[in-house]
$ cat work_2.txt   # compact mmCIF, C-alpha atoms
# COMPACT_ATOMS: atom_id res chain seq x y z
CA MET A 1 132.26 115.93 152.81
CA LEU A 2 131.84 114.10 156.11
CA LYS A 3 134.67 111.91 157.36
CA ASP A 4 133.88 108.32 158.32
CA GLU A 5 134.55 109.12 161.95
CA ASP A 6 132.02 111.99 161.83
CA VAL A 7 129.39 109.68 160.34
CA VAL A 8 130.08 107.14 163.09
CA ARG A 9 129.57 109.89 165.69
CA LEU A 10 126.26 110.85 164.03
CA VAL A 11 125.01 107.26 164.12
CA LEU A 12 126.04 106.89 167.75
CA ASP A 13 124.20 110.14 168.56
CA GLY A 14 120.97 108.51 167.39
CA HIS A 15 120.90 109.36 163.67
CA SER A 16 120.87 105.74 162.57
CA GLU A 17 119.86 106.73 159.02
CA ALA A 18 123.40 108.16 158.57
CA TYR A 19 124.69 104.60 158.63
CA SER A 20 123.59 104.26 154.99
CA ILE A 21 126.41 106.68 154.07
CA LEU A 22 128.97 104.19 155.39
CA ILE A 23 127.26 101.25 153.67
CA ASP A 24 127.19 103.08 150.33
CA GLU A 25 130.86 103.91 150.67
CA TYR A 26 132.06 100.43 151.56
CA LYS A 27 129.54 97.98 150.10
CA ASN A 28 131.62 97.27 146.97
CA MET A 29 134.72 96.62 149.03
CA ILE A 30 132.93 94.31 151.48
CA TYR A 31 130.90 92.49 148.85
CA ASP A 32 133.99 91.78 146.78
CA LEU A 33 135.86 90.59 149.88
CA CYS A 34 133.00 88.18 150.66
CA TYR A 35 132.97 86.96 147.09
CA LYS A 36 136.68 86.15 147.23
CA TYR A 37 135.91 83.83 150.15
CA THR A 38 132.57 82.37 149.05
CA HIS A 39 132.70 82.49 145.20
CA ASP A 40 128.92 82.78 145.37
CA TYR A 41 126.86 85.91 144.68
CA VAL A 42 123.91 85.07 146.93
CA GLU A 43 126.11 84.04 149.84
CA SER A 44 128.19 87.19 149.38
CA GLN A 45 125.06 89.33 149.51
CA ASP A 46 123.93 87.65 152.77
CA LEU A 47 127.40 87.75 154.26
CA SER A 48 127.81 91.43 153.40
CA GLN A 49 124.52 92.21 155.17
CA GLU A 50 125.70 90.20 158.16
CA ILE A 51 128.97 92.14 158.29
CA PHE A 52 127.31 95.56 158.08
CA LEU A 53 124.82 94.57 160.76
CA LYS A 54 127.62 93.31 163.00
CA VAL A 55 129.52 96.57 162.47
CA TYR A 56 126.37 98.57 163.36
CA ARG A 57 126.00 96.62 166.61
CA LYS A 58 129.67 97.08 167.49
CA LEU A 59 129.88 100.72 166.40
CA HIS A 60 130.12 101.96 170.00
CA THR A 61 133.35 99.96 170.41
CA PHE A 62 135.04 101.67 167.43
CA LYS A 63 137.97 103.78 168.58
CA ASN A 64 139.55 106.45 166.45
CA THR A 65 142.99 104.86 166.90
CA SER A 66 142.60 103.17 163.50
CA LYS A 67 140.82 104.06 160.27
CA PHE A 68 137.19 103.02 159.99
CA SER A 69 137.98 101.03 156.83
CA THR A 70 140.69 99.08 158.69
CA TRP A 71 138.26 98.24 161.47
CA LEU A 72 135.57 97.29 158.94
CA TYR A 73 138.00 95.04 157.08
CA ARG A 74 138.94 93.33 160.35
CA ILE A 75 135.32 92.49 161.16
CA GLY A 76 134.69 91.53 157.53
CA ILE A 77 137.63 89.12 157.39
CA ASN A 78 136.75 87.48 160.69
CA THR A 79 133.16 86.97 159.51
CA CYS A 80 134.35 85.53 156.18
CA ILE A 81 136.76 83.15 157.94
CA ASP A 82 133.93 82.00 160.22
CA TRP A 83 131.80 81.42 157.15
CA THR A 84 134.60 79.41 155.53
CA ARG A 85 134.94 77.19 158.59
CA LYS A 86 131.20 76.51 158.63
CA HIS A 87 131.17 75.67 154.92
CA LYS A 88 134.45 73.79 154.77
CA LYS A 89 132.90 70.67 153.22
CA THR A 90 131.55 72.47 150.19
CA ARG A 91 134.52 74.78 149.86
CA TYR A 92 136.29 73.21 146.90
CA GLU A 93 133.36 71.72 145.09
CA LYS A 94 131.89 74.75 143.42
CA SER A 95 132.41 75.21 139.72
CA ILE A 96 132.46 78.53 137.93
CA GLU A 97 129.53 77.59 135.69
CA GLU A 98 127.34 76.95 138.73
CA ASP A 99 128.32 80.33 140.00
CA GLU A 100 127.21 82.18 136.86
CA TYR A 101 130.57 83.86 136.83
CA ILE A 102 130.50 84.17 133.06
CA GLY A 103 127.62 86.63 133.06
CA ARG A 104 129.31 88.90 135.55
CA ILE A 105 132.67 89.42 133.91
CA PRO A 106 132.70 92.63 131.90
CA SER A 107 134.13 91.70 128.52
CA ASN A 108 133.83 92.44 124.82
CA LYS A 109 132.06 89.15 123.99
CA PRO A 110 134.90 86.60 123.75
CA SER A 111 134.29 83.34 121.89
CA PRO A 112 132.82 80.38 123.83
CA GLU A 113 136.19 78.63 123.56
CA ASP A 114 138.02 81.61 125.05
CA MET A 115 135.45 81.79 127.79
CA ALA A 116 135.88 78.12 128.60
CA ILE A 117 139.66 78.51 128.81
CA LYS A 118 139.33 81.60 130.96
CA ASN A 119 136.92 79.85 133.31
CA GLU A 120 139.23 76.91 133.61
CA LYS A 121 142.08 79.24 134.50
CA ILE A 122 139.96 81.04 137.07
CA GLU A 123 139.08 77.70 138.61
CA ILE A 124 142.74 76.68 138.82
CA VAL A 125 143.62 79.95 140.55
CA ARG A 126 140.68 79.68 142.93
CA ASN A 127 141.51 76.14 143.90
CA ALA A 128 145.13 77.07 144.51
CA VAL A 129 144.23 80.08 146.68
CA ASP A 130 141.36 78.33 148.50
CA ASN A 131 143.58 75.43 149.46
CA LEU A 132 146.15 77.65 151.16
CA PRO A 133 146.15 77.65 154.97
CA GLU A 134 143.76 80.35 156.20
CA ILE A 135 146.40 82.89 157.29
CA TYR A 136 148.10 82.78 153.89
CA ARG A 137 144.87 82.81 151.94
CA THR A 138 143.75 85.95 153.78
CA VAL A 139 147.02 87.73 152.99
CA ILE A 140 146.73 86.84 149.28
CA ILE A 141 143.12 88.07 149.14
CA LEU A 142 144.03 91.36 150.81
CA TYR A 143 147.26 91.90 148.89
CA ASN A 144 146.41 90.74 145.38
CA TYR A 145 142.65 91.19 145.22
CA LYS A 146 142.10 94.16 147.52
CA ASP A 147 145.30 95.97 146.56
CA LEU A 148 146.42 96.58 150.12
CA SER A 149 150.04 97.06 151.17
CA CYS A 150 151.77 94.90 153.78
CA ARG A 151 151.51 97.80 156.23
CA GLU A 152 147.73 98.01 155.74
CA ILE A 153 147.40 94.23 156.01
CA ALA A 154 149.44 94.33 159.23
CA ASP A 155 147.08 96.99 160.66
CA ILE A 156 143.98 94.99 159.73
CA LEU A 157 145.26 91.68 161.08
CA GLU A 158 146.96 93.36 164.07
CA ILE A 159 150.33 91.76 163.31
CA PRO A 160 153.79 93.29 162.77
CA VAL A 161 154.60 94.44 159.20
CA LYS A 162 157.44 91.91 159.03
CA THR A 163 154.99 89.09 159.82
CA ALA A 164 152.70 90.29 157.03
CA GLU A 165 155.66 90.33 154.62
CA THR A 166 156.71 86.83 155.68
CA ARG A 167 153.18 85.47 155.29
CA LEU A 168 152.95 87.01 151.85
CA TYR A 169 156.27 85.54 150.84
CA ARG A 170 155.32 82.06 152.10
CA ALA A 171 151.89 82.27 150.47
CA LYS A 172 153.47 83.14 147.13
CA LYS A 173 155.93 80.29 147.53
CA MET A 174 153.06 77.85 148.04
CA LEU A 175 151.20 79.27 145.06
CA LYS A 176 154.30 78.95 142.91
CA GLU A 177 154.43 75.27 143.84
CA LYS A 178 150.82 74.82 142.83
CA LEU A 179 150.57 77.01 139.76
CA LEU A 180 154.04 77.13 138.30
CA LYS A 181 155.22 73.61 139.11
CA PRO A 182 155.47 71.30 136.08
CA SER A 183 152.46 68.94 135.95
CA ASN A 184 152.38 65.35 134.60
CA GLY A 185 153.28 66.20 131.03
CA GLY A 186 156.27 68.28 132.12
CA GLU A 187 154.36 71.51 131.38
CA TYR A 188 153.30 74.04 134.01
CA LEU A 189 149.72 73.45 135.17
CA TRP A 190 148.94 77.05 134.27
CA ASN A 191 150.38 76.69 130.78
CA VAL A 192 148.53 73.43 130.11
CA VAL A 193 145.28 75.40 129.95
CA LYS A 194 145.96 77.45 126.84
CA MET B 1 170.97 95.36 150.40
CA GLU B 2 171.26 91.59 150.81
CA CYS B 3 169.08 88.90 149.22
CA ARG B 4 167.35 88.05 152.52
CA GLU B 5 166.27 91.71 152.82
CA VAL B 6 165.27 92.04 149.18
CA ILE B 7 163.17 88.87 148.72
CA PRO B 8 160.40 89.67 151.27
CA LYS B 9 160.04 93.12 149.69
CA LEU B 10 160.09 92.00 146.04
CA ASP B 11 156.32 91.69 145.84
CA GLU B 12 155.71 95.24 147.00
CA TYR B 13 158.48 96.36 144.67
CA ILE B 14 156.59 94.84 141.73
CA MET B 15 153.38 96.56 142.83
CA GLY B 16 155.20 99.88 143.22
CA ARG B 17 154.25 100.18 146.88
CA LEU B 18 157.66 100.97 148.34
CA ASP B 19 159.40 104.25 149.14
CA ASP B 20 161.67 105.65 146.43
CA GLY B 21 164.83 104.99 148.48
CA ILE B 22 164.14 101.25 148.92
CA THR B 23 162.86 100.92 145.34
CA ASP B 24 166.17 102.20 143.96
CA LYS B 25 168.19 99.88 146.20
CA ILE B 26 166.14 96.83 145.14
CA ALA B 27 166.40 97.77 141.46
CA LEU B 28 170.17 97.95 141.79
CA HIS B 29 170.30 94.63 143.64
CA ILE B 30 168.17 92.80 141.03
CA LYS B 31 170.50 94.01 138.29
CA ASN B 32 173.46 92.35 139.96
CA CYS B 33 171.86 89.22 141.48
CA GLN B 34 170.66 86.33 139.31
CA ARG B 35 168.73 84.62 142.12
CA CYS B 36 166.68 87.72 142.99
CA SER B 37 166.24 88.51 139.32
CA ASP B 38 164.70 85.02 138.76
CA GLU B 39 162.53 85.43 141.84
CA PHE B 40 161.38 88.80 140.52
CA ALA B 41 160.37 87.28 137.16
CA THR B 42 158.48 84.38 138.81
CA LEU B 43 156.60 86.69 141.17
CA LYS B 44 155.64 88.94 138.30
CA GLU B 45 154.19 85.98 136.42
CA LEU B 46 152.36 84.75 139.51
CA ASN B 47 150.80 88.16 140.13
CA SER B 48 149.69 88.29 136.55
CA ILE B 49 148.04 84.86 136.94
CA LEU B 50 146.28 85.94 140.14
CA SER B 51 144.96 89.07 138.46
CA ILE B 52 142.53 86.91 136.47
CA GLU B 53 140.09 87.24 139.40
CA LYS B 54 138.20 90.48 138.84
CA GLN B 55 136.27 92.78 141.17
CA VAL B 56 132.58 91.92 141.54
CA TYR B 57 129.77 94.28 142.59
CA PRO B 58 126.75 93.84 144.87
CA GLN B 59 123.09 94.19 143.98
CA ILE B 60 121.75 97.73 144.05
CA ASN B 61 119.49 97.08 147.06
CA LEU B 62 122.24 96.04 149.50
CA THR B 63 122.14 99.36 151.38
CA GLU B 64 118.35 99.23 151.60
CA CYS B 65 118.37 95.64 152.89
CA VAL B 66 120.91 96.45 155.60
CA MET B 67 119.09 99.65 156.61
CA ASN B 68 115.81 97.72 156.95
CA ARG B 69 117.51 95.29 159.29
CA VAL B 70 119.14 98.16 161.19
CA GLU B 71 115.70 99.76 161.61
CA ASP B 72 114.22 96.47 162.89
CA GLU B 73 117.08 96.18 165.32
CA ARG B 74 116.57 99.75 166.53
CA VAL B 75 112.83 99.19 167.09
CA ASN B 76 113.45 95.93 168.95
CA ALA B 77 116.06 97.56 171.14
CA LYS B 78 113.41 100.00 172.39
CA LYS B 79 111.18 97.18 173.66
CA PHE B 80 111.05 96.43 177.36
CA TYR B 81 114.29 94.79 178.39
CA PHE B 82 112.57 92.08 180.49
CA ASN B 83 110.84 90.67 177.41
CA LYS B 84 114.12 89.52 175.90
CA SER B 85 114.73 86.32 177.78
CA PRO B 86 112.95 84.39 180.56
CA PHE B 87 116.35 83.61 182.11
CA ILE B 88 117.18 87.30 182.28
CA ASN B 89 113.74 87.94 183.85
CA LEU B 90 114.33 85.31 186.50
CA GLY B 91 117.84 86.53 187.25
CA ILE B 92 116.78 90.14 187.58
CA SER B 93 113.85 89.13 189.85
CA PHE B 94 116.22 87.27 192.18
CA VAL B 95 118.62 90.17 192.31
CA LEU B 96 115.87 92.69 193.05
CA THR B 97 114.35 90.45 195.78
CA GLY B 98 117.77 90.03 197.36
CA MET B 99 118.37 93.79 197.31
CA LEU B 100 114.96 94.40 198.93
CA LEU B 101 115.66 91.85 201.69
CA ILE B 102 119.04 93.41 202.42
CA PHE B 103 117.44 96.86 202.52
CA ILE B 104 114.74 95.73 204.96
CA SER B 105 117.26 94.02 207.22
CA ILE B 106 119.16 97.31 207.84
CA PRO B 107 118.34 98.12 211.58
CA SER B 108 117.35 101.78 211.06
CA VAL B 109 115.12 100.91 208.10
CA ASN B 110 113.59 98.04 210.08
CA THR B 111 112.69 100.36 213.02
CA THR B 112 111.09 102.89 210.68
CA ILE B 113 109.06 100.19 208.95
CA THR B 114 107.82 98.81 212.33
CA LYS B 115 106.85 102.33 213.46
CA TYR B 116 104.86 103.04 210.30
CA THR B 117 103.27 99.60 210.37
CA GLY B 118 102.07 100.33 213.98
CA ASP B 119 100.67 103.70 212.87
CA ILE B 120 98.87 102.11 209.95
CA VAL B 121 97.31 99.41 212.21
CA SER B 122 96.10 101.94 214.81
CA SER B 123 94.69 104.15 212.04
CA ALA B 124 92.84 101.19 210.58
CA VAL B 125 91.37 100.34 214.00
CA SER B 126 90.15 103.89 214.56
CA ILE B 127 88.64 104.01 211.03
CA ASN B 128 86.93 100.71 211.67
CA SER B 129 85.40 101.96 214.92
CA ASP B 130 84.17 105.13 213.17
CA LEU B 131 82.75 103.09 210.34
CA GLY B 132 81.09 100.79 212.89
CA ILE B 133 78.80 103.62 214.09
CA LYS B 134 78.08 104.73 210.59
CA THR B 135 77.37 101.17 209.49
CA ASN B 136 74.68 100.82 212.17
CA GLU B 137 73.05 104.03 211.06
CA ILE B 138 73.19 102.94 207.41
CA GLN B 139 71.66 99.58 208.30
CA THR B 140 68.76 101.34 210.07
CA TYR B 141 68.17 103.59 207.03
CA ILE B 142 68.25 100.61 204.67
CA LYS B 143 65.73 98.74 206.84
CA LYS B 144 63.42 101.76 206.82
CA ILE B 145 63.66 102.06 203.01
CA MET B 146 63.14 98.34 202.35
CA ASN B 147 60.39 97.88 204.87
CA PRO B 148 58.68 101.13 205.81
CA ARG B 149 55.94 99.29 207.80
CA GLY B 150 58.44 97.15 209.73
CA GLY B 151 57.13 93.80 208.32
CA ILE B 152 60.35 92.47 206.93
CA LYS B 153 63.38 91.83 209.21
$ encode --input "work_2.txt" --output "structure tokens"
Amino acid sequence: MLKDEDVVRLVLDGHSEAYSILIDEYKNMIYDLCYKYTHDYVESQDLSQEIFLKVYRKLHTFKNTSKFSTWLYRIGINTCIDWTRKHKKTRYEKSIEEDEYIGRIPSNKPSPEDMAIKNEKIEIVRNAVDNLPEIYRTVIILYNYKDLSCREIADILEIPVKTAETRLYRAKKMLKEKLLKPSNGGEYLWNVVK
Amino acid sequence: MECREVIPKLDEYIMGRLDDGITDKIALHIKNCQRCSDEFATLKELNSILSIEKQVYPQINLTECVMNRVEDERVNAKKFYFNKSPFINLGISFVLTGMLLIFISIPSVNTTITKYTGDIVSSAVSINSDLGIKTNEIQTYIKKIMNPRGGIK
């Protein structure tokens, strides 16, 4: 099987059709990353296309000093952050129902009530994560949703590992305040929705 | 290990992303430290809450859509560079004109150009004089053809 770096070489040598190998390999990863920022399927599709096109244009600048996936993540995150800045006004207004999230979650047909509770929980989590400052939000997305280690996050964001660890720690502290802090009735906000 | 070393690594400890050596040290520390033990429990709960967001997948045609756009881009890149922007056209024209002027102003080039210009002028004069004779002859022939009896001038 061809390594990513070999495919990149092929594309740069004029075999542009080989680029589809890289797209097929990473489209799930990039699409999911976009979704974690946009919470919208159509926007994620457009944004994913934008990212892959950007990567194609910049392919000649890729150096083998890092993994292709790391480089791809870096471009992906920067594009998603740009998107977030452009759409800041509508960032917190989207509801899960509007987003047709229900139809996309693989499940063994839970009851409507269970679904409603689950959606409410998802919305609470999304609001908490979306309202974090950008640097912390990115770390949470990469660490908790993309299953990357602090070392990998540090490589992607081009920061020291210790900085990645600190950002993760601070992000979790903020999330604890939002999700595990007792709400008005003295219950945790998370536990209220049960 | 001390608390300040353990706490930043607790998250990766929960996820099982640390080396065996550090994992053992943290496990030992948590056993003996109430504060870190509480932190460990809270983080575990938080990670479980965050895991409610699941992976989503793109439409099947994503690769095709990107490849179509890549192909368009490739075709457009082959087009003549000057067509891209009028500002680029203008800029390149200025640069080329400037380079030509500099080239002409080099003394040796200038002398050569003057010499060849002189040659071209003298050649043109000699051709003209040759043509002059031939033109007269042609005019005579034309007159004879058009007016064989010499009535028309």
$ closest_atom_pairs --input "work_2.txt" --of "chain A" --to "chain B" --cutoff "8 Å" --atoms "only C-alpha atoms" --output "tab-separated table"
residue	atom	partner	partner_atom	distance
A:Ser16	CA	B:Val70	CA	7.9
A:Glu17	CA	B:Met67	CA	7.5
A:Tyr19	CA	B:Met67	CA	7.7
A:Ser20	CA	B:Thr63	CA	6.3
A:Ile23	CA	B:Thr63	CA	5.9
A:Asp24	CA	B:Thr63	CA	6.4
A:Lys27	CA	B:Pro58	CA	7.2
A:Asn28	CA	B:Tyr57	CA	5.6
A:Tyr31	CA	B:Pro58	CA	5.9
A:Asp32	CA	B:Val56	CA	5.4
A:Tyr35	CA	B:Val56	CA	7.5
A:Tyr41	CA	B:Pro58	CA	7.9
A:Gln45	CA	B:Pro58	CA	6.7
A:Gln49	CA	B:Val66	CA	5.6
A:Phe52	CA	B:Val66	CA	6.9
A:Leu53	CA	B:Val70	CA	6.7
A:Tyr56	CA	B:Val70	CA	7.6
A:Arg104	CA	B:Val56	CA	7.5
A:Ile105	CA	B:Lys54	CA	7.5
A:Lys121	CA	B:Ile52	CA	7.9
A:Ile122	CA	B:Ile52	CA	6.4
A:Val125	CA	B:Leu50	CA	6.6
A:Asn144	CA	B:Leu50	CA	7.1
A:Tyr145	CA	B:Ser51	CA	7.5
A:Ser149	CA	B:Arg17	CA	6.8
A:Cys150	CA	B:Glu12	CA	7.8
A:Glu165	CA	B:Pro8	CA	5.8
A:Thr166	CA	B:Pro8	CA	6.4
A:Leu168	CA	B:Pro8	CA	7.9
A:Tyr169	CA	B:Pro8	CA	5.9
A:Lys172	CA	B:Leu43	CA	7.6
A:Leu175	CA	B:Leu46	CA	7.9
A:Lys176	CA	B:Leu46	CA	7.0
A:Leu179	CA	B:Leu46	CA	7.9
A:Leu180	CA	B:Leu46	CA	7.9
$ axis_aligned_box --input "work_2.txt" --around "region 9-20 of chain B" --padding-each-side "8 Å" --output "lines of an AutoDock Vina configuration file"
center_x = 157.5
center_y = 98.7
center_z = 145.7
size_x = 24.3
size_y = 30.0
size_z = 24.0
$ atom_distance --input "work_2.txt" --atom1 "CA of Gly91 (chain B)" --atom2 "CA of Ala77 (chain B)"
19.6 Å
$ atom_distance --input "work_2.txt" --atom1 "CA of Lys67 (chain A)" --atom2 "CA of Ile51 (chain A)"
16.9 Å
$ atom_distance --input "work_2.txt" --atom1 "CA of Ile135 (chain A)" --atom2 "CA of Ser69 (chain A)"
20.0 Å
$ residues_around --input "work_2.txt" --residues "region 78-87 of chain A" --least-positions-apart "2" --cutoff "9 Å" --atoms "all atoms listed in the file" --output "PyMOL selection string"
chain A and resi 33-34+37-38+47+50-51+73-76+89-91+134+138
$ residues_around --input "work_2.txt" --residues "Leu10 (chain A)" --least-positions-apart "5" --cutoff "12 Å" --atoms "only C-alpha atoms" --output "compact mmCIF listing (two decimals) with C-alpha atoms, keeping the file's coordinate frame"
# COMPACT_ATOMS: atom_id res chain seq x y z
CA LEU A 2 131.84 114.10 156.11
CA LYS A 3 134.67 111.91 157.36
CA ASP A 4 133.88 108.32 158.32
CA GLU A 5 134.55 109.12 161.95
CA HIS A 15 120.90 109.36 163.67
CA SER A 16 120.87 105.74 162.57
CA GLU A 17 119.86 106.73 159.02
CA ALA A 18 123.40 108.16 158.57
CA TYR A 19 124.69 104.60 158.63
CA SER A 20 123.59 104.26 154.99
CA ILE A 21 126.41 106.68 154.07
CA LEU A 22 128.97 104.19 155.39
CA LEU A 59 129.88 100.72 166.40
CA HIS A 60 130.12 101.96 170.00
$ residues_around --input "work_2.txt" --residues "Arg35 (chain B)" --least-positions-apart "5" --cutoff "9 Å" --atoms "all atoms listed in the file" --output "PDB file with C-alpha atoms, in the frame of the given file"
ATOM      1  CA  CYS B   3     169.080  88.900 149.220  1.00  0.00           C
ATOM      2  CA  ILE B  30     168.170  92.800 141.030  1.00  0.00           C
ATOM      3  CA  PHE B  40     161.380  88.800 140.520  1.00  0.00           C
TER       4      PHE B  40
END
$ build_atoms --input "work_2.txt" --residues "region 141-156 of chain A" --atoms "N, CA and C atoms" --output "short mmCIF file (atom, residue, chain, number, x, y, z; two decimals), in the frame of the given file"
data_model
loop_
_atom_site.label_atom_id
_atom_site.label_comp_id
_atom_site.auth_asym_id
_atom_site.auth_seq_id
_atom_site.Cartn_x
_atom_site.Cartn_y
_atom_site.Cartn_z
N ILE A 141 144.37 87.36 149.49
CA ILE A 141 143.12 88.07 149.14
C ILE A 141 143.30 89.57 149.36
N LEU A 142 143.88 89.93 150.50
CA LEU A 142 144.03 91.36 150.81
C LEU A 142 145.08 92.01 149.91
N TYR A 143 146.15 91.30 149.65
CA TYR A 143 147.26 91.90 148.89
C TYR A 143 146.96 91.94 147.39
N ASN A 144 146.58 90.81 146.84
CA ASN A 144 146.41 90.74 145.38
C ASN A 144 145.03 91.16 144.89
N TYR A 145 144.00 90.87 145.69
CA TYR A 145 142.65 91.19 145.22
C TYR A 145 142.12 92.51 145.77
N LYS A 146 142.59 92.90 146.94
CA LYS A 146 142.10 94.16 147.52
C LYS A 146 143.14 95.27 147.43
N ASP A 147 144.25 94.98 146.80
CA ASP A 147 145.30 95.97 146.56
C ASP A 147 145.78 96.69 147.82
N LEU A 148 145.93 95.96 148.88
CA LEU A 148 146.42 96.58 150.12
C LEU A 148 147.91 96.31 150.29
N SER A 149 148.60 97.24 150.94
CA SER A 149 150.04 97.06 151.17
C SER A 149 150.24 96.18 152.41
N CYS A 150 151.48 95.73 152.60
CA CYS A 150 151.77 94.90 153.78
C CYS A 150 151.50 95.67 155.06
N ARG A 151 151.76 96.98 155.04
CA ARG A 151 151.51 97.80 156.23
C ARG A 151 150.01 97.81 156.57
N GLU A 152 149.20 98.00 155.53
CA GLU A 152 147.73 98.01 155.74
C GLU A 152 147.23 96.64 156.21
N ILE A 153 147.79 95.59 155.61
CA ILE A 153 147.40 94.23 156.01
C ILE A 153 147.79 93.99 157.48
N ALA A 154 148.98 94.48 157.84
CA ALA A 154 149.44 94.33 159.23
C ALA A 154 148.48 95.04 160.19
N ASP A 155 148.03 96.23 159.81
CA ASP A 155 147.08 96.99 160.66
C ASP A 155 145.77 96.22 160.81
N ILE A 156 145.28 95.69 159.71
CA ILE A 156 143.98 94.99 159.73
C ILE A 156 144.08 93.72 160.59
#
